file input-v9.cif (mmCIF, C-alpha atoms)
data_structure
loop_
_atom_site.label_atom_id
_atom_site.label_comp_id
_atom_site.auth_asym_id
_atom_site.auth_seq_id
_atom_site.Cartn_x
_atom_site.Cartn_y
_atom_site.Cartn_z
CA TRP A 176 82.03 9.91 -41.79
CA VAL A 177 84.53 7.31 -40.60
CA ALA A 178 87.45 9.70 -41.07
CA ARG A 179 85.73 12.11 -38.67
CA ASP A 180 85.52 9.33 -36.09
CA LEU A 181 81.73 9.61 -35.84
CA ARG A 182 79.56 6.81 -34.54
CA VAL A 183 78.79 3.92 -36.86
CA THR A 184 76.87 0.65 -36.74
CA TYR A 185 77.15 -2.09 -39.37
CA HIS A 186 73.87 -3.24 -40.93
CA PHE A 187 74.07 -6.59 -42.72
CA LEU A 188 71.83 -7.26 -45.71
CA ASP A 189 72.40 -10.86 -46.63
CA ILE A 190 72.26 -13.42 -43.81
CA ASN A 191 69.45 -15.74 -42.74
CA LEU A 192 70.06 -16.01 -39.01
CA GLU A 193 67.57 -18.86 -38.64
CA GLU A 194 69.78 -21.08 -40.83
CA PRO A 195 73.02 -22.17 -39.08
CA GLU A 196 74.63 -23.06 -42.41
CA ASP A 197 74.23 -19.44 -43.50
CA VAL A 198 76.48 -18.22 -40.68
CA ASP A 199 79.56 -19.51 -42.52
CA SER A 200 83.11 -18.74 -41.48
CA ALA A 201 84.11 -16.85 -44.65
CA TRP A 202 81.13 -14.50 -44.48
CA CYS A 203 81.62 -13.91 -40.76
CA ALA A 204 85.33 -13.17 -41.16
CA ALA A 205 84.77 -10.72 -44.03
CA THR A 206 81.92 -8.98 -42.23
CA ALA A 207 83.88 -8.64 -38.98
CA GLU A 208 86.91 -7.26 -40.83
CA LEU A 209 84.82 -4.64 -42.60
CA ALA A 210 82.92 -3.70 -39.44
CA ARG A 211 86.20 -3.27 -37.54
CA SER A 212 87.65 -1.12 -40.34
CA LEU A 213 84.66 1.21 -39.97
CA GLY A 214 84.89 1.30 -36.19
CA ALA A 215 81.37 -0.11 -35.93
CA ALA A 216 79.93 -0.40 -32.44
CA TRP A 217 77.95 -3.57 -33.27
CA LEU A 218 76.33 -5.58 -36.05
CA CYS A 219 72.62 -5.29 -36.77
CA GLY A 220 70.13 -6.12 -39.45
CA ASP A 221 66.63 -7.25 -40.36
CA ALA A 222 66.14 -10.72 -38.89
CA GLY A 223 64.25 -12.33 -41.73
CA LEU A 224 65.02 -14.32 -44.87
CA TRP A 225 67.37 -12.25 -47.01
CA HIS A 226 67.76 -14.85 -49.74
CA MET A 227 66.35 -18.12 -51.05
CA GLY A 228 68.93 -20.77 -51.82
CA PRO A 229 72.66 -19.92 -51.77
CA ARG A 230 73.60 -16.39 -50.78
CA ASP A 231 73.77 -14.21 -53.89
CA ARG A 232 72.90 -10.59 -54.64
CA GLY A 233 70.42 -11.79 -57.23
CA HIS A 234 68.52 -13.81 -54.61
CA GLY A 235 67.52 -10.91 -52.37
CA THR A 236 63.98 -11.14 -51.02
CA LEU A 237 63.81 -10.06 -47.35
CA MET A 238 60.81 -11.94 -46.09
CA PRO A 239 59.84 -11.83 -42.40
CA PRO A 240 60.40 -14.79 -40.10
CA ILE A 241 57.55 -17.15 -39.28
CA LEU A 242 56.17 -15.86 -35.99
CA GLU A 243 56.28 -19.12 -34.04
CA ALA A 244 58.23 -20.23 -30.97
CA ASP A 245 60.52 -22.67 -32.80
CA SER A 246 61.47 -19.96 -35.28
CA ALA A 247 62.28 -17.55 -32.43
CA ARG A 248 64.44 -20.25 -30.84
CA ASP A 249 66.39 -20.85 -34.07
CA LEU A 250 66.80 -17.14 -34.70
CA GLY A 251 68.07 -16.60 -31.16
CA ASP A 252 70.61 -19.38 -31.69
CA GLY A 253 71.70 -17.70 -34.93
CA VAL A 254 72.29 -14.41 -33.13
CA ARG A 255 74.46 -16.19 -30.58
CA LEU A 256 76.37 -17.98 -33.35
CA LEU A 257 77.07 -14.76 -35.24
CA ARG A 258 78.17 -12.97 -32.07
CA GLU A 259 80.62 -15.76 -31.23
CA ALA A 260 81.95 -15.92 -34.80
CA THR A 261 82.58 -12.18 -35.21
CA GLY A 262 83.25 -10.90 -31.71
CA PHE A 263 80.60 -8.20 -32.21
CA GLU A 264 77.33 -7.79 -30.39
CA VAL A 265 74.45 -8.55 -32.78
CA LEU A 266 71.14 -6.67 -32.66
CA PRO A 267 68.34 -8.41 -34.58
CA GLU A 268 65.84 -6.05 -36.23
CA ASN A 269 62.13 -6.55 -36.90
CA PRO A 270 61.82 -6.56 -40.73
CA PRO A 271 59.15 -4.90 -42.90
CA ALA A 272 56.41 -6.89 -44.64
CA SER A 273 52.86 -6.67 -45.90
CA VAL A 274 52.04 -10.28 -44.95
CA TYR A 275 53.05 -12.14 -41.78
CA VAL A 276 52.63 -15.82 -40.96
CA GLY A 277 52.52 -17.22 -37.43
CA ARG A 278 50.56 -16.95 -34.18
CA MET A 279 52.91 -14.77 -32.12
CA HIS A 280 52.73 -11.00 -32.03
CA LEU A 281 55.82 -9.50 -33.63
CA LEU A 282 56.97 -7.91 -30.36
CA ASP A 283 56.45 -11.15 -28.41
CA TYR A 284 58.47 -12.96 -31.07
CA PHE A 285 61.45 -10.62 -30.82
CA ALA A 286 61.25 -10.62 -27.04
CA ALA A 287 61.64 -14.41 -27.22
CA VAL A 288 64.55 -14.05 -29.67
CA ALA A 289 66.38 -11.65 -27.35
CA GLU A 290 65.77 -13.91 -24.35
CA ARG A 291 67.12 -16.94 -26.21
CA ALA A 292 70.16 -15.04 -27.54
CA ASP A 293 70.69 -12.95 -24.41
CA SER A 294 71.04 -10.01 -26.79
CA GLY A 295 69.93 -6.47 -27.32
CA LEU A 296 67.39 -5.52 -29.99
CA LEU A 297 67.09 -3.10 -32.86
CA ILE A 298 63.46 -1.96 -33.12
CA ASP A 299 62.41 -0.30 -36.36
CA VAL A 300 59.30 1.61 -35.31
CA ALA A 301 58.35 2.26 -38.95
CA HIS A 302 58.29 -1.50 -39.56
CA LEU A 303 56.38 -2.00 -36.30
CA ALA A 304 53.80 0.61 -37.31
CA ILE A 305 53.30 -1.22 -40.62
CA TYR A 306 52.87 -4.55 -38.80
CA GLN A 307 50.25 -3.13 -36.44
CA ARG A 308 48.35 -1.72 -39.43
CA VAL A 309 48.53 -5.01 -41.34
CA MET A 310 47.17 -6.88 -38.34
CA GLY A 311 44.46 -4.30 -37.66
CA LEU A 312 45.90 -3.48 -34.24
CA ASP A 313 46.39 -0.32 -32.22
CA PRO A 314 49.99 0.97 -32.61
CA ARG A 315 50.67 0.32 -28.90
CA THR A 316 49.46 -3.29 -28.89
CA ALA A 317 51.80 -5.69 -27.01
CA LEU A 318 54.00 -2.90 -25.62
CA ASP A 319 53.08 -3.78 -22.05
CA GLY A 320 55.39 -6.56 -20.93
CA PHE A 321 57.87 -5.98 -23.76
CA PRO A 322 61.54 -5.93 -22.55
CA PHE A 323 62.30 -2.29 -23.38
CA GLU A 324 65.59 -2.58 -21.52
CA ARG A 325 66.92 -4.73 -24.40
CA VAL A 326 66.38 -2.03 -27.05
CA VAL A 327 69.78 -0.55 -27.97
CA GLU A 328 69.10 0.87 -31.43
CA MET A 329 65.97 2.27 -33.08
CA HIS A 330 65.16 3.13 -36.70
CA VAL A 331 62.65 5.67 -37.99
CA ALA A 332 61.68 5.96 -41.66
CA GLY A 333 58.98 7.20 -43.97
CA GLY A 334 56.30 4.98 -45.47
CA ARG A 335 54.04 5.49 -48.50
CA THR A 336 50.48 4.15 -48.52
CA PHE A 337 49.13 2.69 -51.75
CA GLU A 338 46.10 0.73 -52.96
CA TRP A 339 46.22 -2.66 -54.66
CA GLN A 340 43.22 -4.81 -55.50
CA GLY A 341 41.05 -2.91 -53.05
CA ARG A 342 43.46 -3.18 -50.11
CA THR A 343 45.70 -0.51 -48.58
CA PHE A 344 49.37 -1.27 -48.03
CA VAL A 345 52.39 0.69 -46.78
CA ASP A 346 55.61 0.75 -48.79
CA ASP A 347 58.65 1.10 -46.51
CA ASP A 348 60.15 3.59 -48.97
CA HIS A 349 62.40 5.59 -46.57
CA GLY A 350 60.78 8.75 -47.90
CA LEU A 351 59.74 11.88 -46.05
CA GLY A 352 56.19 10.80 -45.20
CA VAL A 353 56.68 9.34 -41.72
CA LEU A 354 53.43 7.79 -40.48
CA ASP A 355 51.80 9.30 -37.41
CA GLU A 356 51.94 5.87 -35.76
CA THR A 357 55.70 5.75 -36.38
CA TRP A 358 56.23 9.05 -34.53
CA GLN A 359 53.96 7.83 -31.72
CA LEU A 360 55.97 4.62 -31.34
CA CYS A 361 59.25 6.52 -31.57
CA GLU A 362 58.29 8.71 -28.62
CA GLU A 363 57.06 5.67 -26.68
CA PHE A 364 60.30 3.72 -27.15
CA VAL A 365 62.56 6.69 -26.39
CA GLU A 366 60.66 7.22 -23.15
CA ARG A 367 60.64 3.57 -22.09
CA ALA A 368 63.97 2.17 -23.40
CA PRO A 369 66.66 3.07 -20.82
CA ASN A 370 69.53 1.51 -22.80
CA LEU A 371 68.78 3.12 -26.17
CA LYS A 372 72.11 4.25 -27.65
CA ALA A 373 71.44 4.91 -31.34
CA LEU A 374 68.55 6.50 -33.20
CA ILE A 375 68.79 6.18 -36.99
CA PHE A 376 66.71 8.17 -39.48
CA GLU A 377 66.64 6.09 -42.66
CA CYS A 378 66.18 8.72 -45.34
CA GLU A 379 68.66 7.93 -48.11
CA ARG A 380 67.97 9.21 -51.63
CA ASN A 381 66.47 12.45 -50.27
CA SER A 382 68.10 15.87 -50.29
CA ILE A 383 69.78 17.15 -47.13
CA GLU A 384 67.44 20.13 -47.05
CA ASP A 385 64.38 17.89 -47.14
CA VAL A 386 65.49 15.60 -44.29
CA ILE A 387 66.65 18.28 -41.85
CA PRO A 388 63.16 18.71 -40.26
CA GLY A 389 63.03 14.97 -39.55
CA PHE A 390 66.44 15.06 -37.84
CA GLU A 391 65.39 18.09 -35.82
CA ARG A 392 62.27 16.31 -34.62
CA LEU A 393 64.27 13.19 -33.72
CA ASN A 394 66.86 15.24 -31.83
CA ALA A 395 64.08 16.87 -29.86
CA ILE A 396 62.46 13.51 -29.06
CA PHE A 397 65.72 11.79 -28.14
CA GLY A 398 66.86 14.68 -25.99
CA ALA A 399 63.59 14.50 -24.06
CA GLY A 400 64.09 10.82 -23.18
CA PRO A 401 65.29 9.63 -19.77
CA ASP A 402 69.01 10.08 -19.09
CA ASN A 403 69.94 10.86 -22.70
CA SER A 404 72.02 13.96 -22.02
CA GLY A 405 75.16 14.01 -24.12
CA LEU A 406 73.92 11.30 -26.49
CA ASN A 407 71.22 13.04 -28.48
CA GLU A 408 73.25 14.87 -31.13
CA GLN A 409 75.54 12.08 -32.28
CA ALA A 410 73.02 9.29 -31.84
CA ALA A 411 70.16 10.95 -33.69
CA ASN A 412 72.53 11.84 -36.50
CA GLY A 413 74.36 8.51 -36.49
CA SER A 414 75.39 6.50 -39.52
CA ASP A 415 74.04 3.06 -40.36
CA SER A 416 76.66 1.47 -42.62
CA ARG A 417 75.00 -1.01 -44.98
CA GLY A 418 76.83 -4.26 -45.63
#
call {"tool": "encode", "arguments": {"input": "input-v9.cif", "output": "structure tokens"}}
result
Amino acid sequence: WVARDLRVTYHFLDINLEEPEDVDSAWCAATAELARSLGAAWLCGDAGLWHMGPRDRGHGTLMPPILEADSARDLGDGVRLLREATGFEVLPENPPASVYVGRMHLLDYFAAVAERADSGLLIDVAHLAIYQRVMGLDPRTALDGFPFERVVEMHVAGGRTFEWQGRTFVDDDHGLGVLDETWQLCEEFVERAPNLKALIFECERNSIEDVIPGFERLNAIFGAGPDNSGLNEQAANGSDSRG
């Protein structure tokens, strides 16, 4: 993909942006070097807790942030710190979860993060659809007043519903079963986000033949958005390099 000079973003998997000590110089230097070698346009990643204790592959958890104003402030400061340390723009992403703690709506929280960091956003509409379900809300709740102009990248992925102890949950499995709410939110964000530059279909571990219909649908949606001429093919088929 890189050899063909196609568009790439770099998705980190192991930094807690709310913790200043986690944005250490060695990690930042290594990440920036790798991102530059790939020709990445920016850094992005789920803005939650990737690990407990020291950073280590065996500590991976990915829990969501606490949805409170002081957490949004700290996370925004972390985005600024990472941007300054690497020289790359940093797009925080709303992470997946089945349980959320805090009084802010997820979209209000990330709007506050972007305001504090003066940054763009990566909105994963599959994760957002799961959040709205968990909270018992309509998929479009809190869209009015959200700063759509800050959305630069969007992710779409499949989710599998399952039952556990009498409750229904959604596993963010990146399969082929994209929720109806996810498609609805995808269309809404494409229509309302004027600075959207990348649309990623997270569908790893599936055959090419099986994922083609999803890419075709995304190309059709992205091409129908405002002022997206010339961007739809490469953006909808872009690569999200995982760090």
call {"tool": "residues_around", "arguments": {"input": "input-v9.cif", "residues": "segment 177-189 of chain A", "least_positions_apart": "3", "cutoff": "10 Å", "atoms": "all atoms listed in the file", "output": "MDAnalysis selection string"}}
result
chainID A and resid 192 197 202 206:207 209:226 230:232 234:237 265:268 328 373 375 409:410 412:418
call {"tool": "closest_residue", "arguments": {"input": "input-v9.cif", "among": "A:Gly251, A:Gly341, A:Gly262, A:Pro240", "to": "Ala204 of chain A", "atoms": "all atoms listed in the file"}}
result
A:Gly262
call {"tool": "residues_around", "arguments": {"input": "input-v9.cif", "residues": "Arg342 of chain A", "least_positions_apart": "3", "cutoff": "12 Å", "atoms": "only C-alpha atoms", "output": "list in words"}}
result
Ser273, Arg308, Val309, Thr336, Phe337, Glu338, Trp339 and Val345 of chain A
call {"tool": "residues_around", "arguments": {"input": "input-v9.cif", "residues": "Ala301 of chain A", "least_positions_apart": "2", "cutoff": "6 Å", "atoms": "all atoms listed in the file", "output": "list in words"}}
result
Asp299, Leu303, Ala304, Val331, Ala332 and Thr357 of chain A
call {"tool": "write_last_selection", "arguments": {"input": "input-v9.cif", "atoms": "C-alpha atoms", "output": "PDB file, in the coordinates of the input"}}
result
ATOM      1  CA  ASP A 299      62.410  -0.300 -36.360  1.00  0.00           C
ATOM      2  CA  LEU A 303      56.380  -2.000 -36.300  1.00  0.00           C
ATOM      3  CA  ALA A 304      53.800   0.610 -37.310  1.00  0.00           C
ATOM      4  CA  VAL A 331      62.650   5.670 -37.990  1.00  0.00           C
ATOM      5  CA  ALA A 332      61.680   5.960 -41.660  1.00  0.00           C
ATOM      6  CA  THR A 357      55.700   5.750 -36.380  1.00  0.00           C
TER       7      THR A 357
END
call {"tool": "closest_residue", "arguments": {"input": "input-v9.cif", "among": "A:Ile298, A:Ile241, A:Leu281, A:Ala289", "to": "Thr316 of chain A", "atoms": "all atoms listed in the file"}}
result
A:Leu281
call {"tool": "residues_around", "arguments": {"input": "input-v9.cif", "residues": "Ile305 of chain A", "least_positions_apart": "5", "cutoff": "12 Å", "atoms": "all atoms listed in the file", "output": "ChimeraX atom specification"}}
result
/A:269-275,281,299-300,310-314,331-336,343-348,353-357,360
call {"tool": "atom_distance", "arguments": {"input": "input-v9.cif", "atom1": "atom CA of Leu256 of chain A", "atom2": "atom CA of Ala292 of chain A"}}
result
9.0 Å
call {"tool": "atom_distance", "arguments": {"input": "input-v9.cif", "atom1": "atom CA of Val198 of chain A", "atom2": "atom CA of Leu297 of chain A"}}
result
19.4 Å
call {"tool": "atom_distance", "arguments": {"input": "input-v9.cif", "atom1": "atom CA of Ala287 of chain A", "atom2": "atom CA of Ala247 of chain A"}}
result
6.1 Å
call {"tool": "closest_residue", "arguments": {"input": "input-v9.cif", "among": "A:Trp176, A:Phe390, A:Phe376, A:Trp358", "to": "Met329 of chain A", "atoms": "all atoms listed in the file"}}
result
A:Phe376
call {"tool": "resolve_selection", "arguments": {"input": "input-v9.cif", "expression": "the PyMOL selection byres ((chain A and resi 196) around 12)", "output": "list of chain:residue names"}}
result
A:Ile190, A:Asn191, A:Leu192, A:Glu193, A:Glu194, A:Pro195, A:Asp197, A:Val198, A:Asp199, A:Ser200, A:Ala201, A:Trp202, A:Cys203, A:Gly228, A:Pro229, A:Arg230, A:Asp249, A:Gly253, A:Leu256, A:Leu257
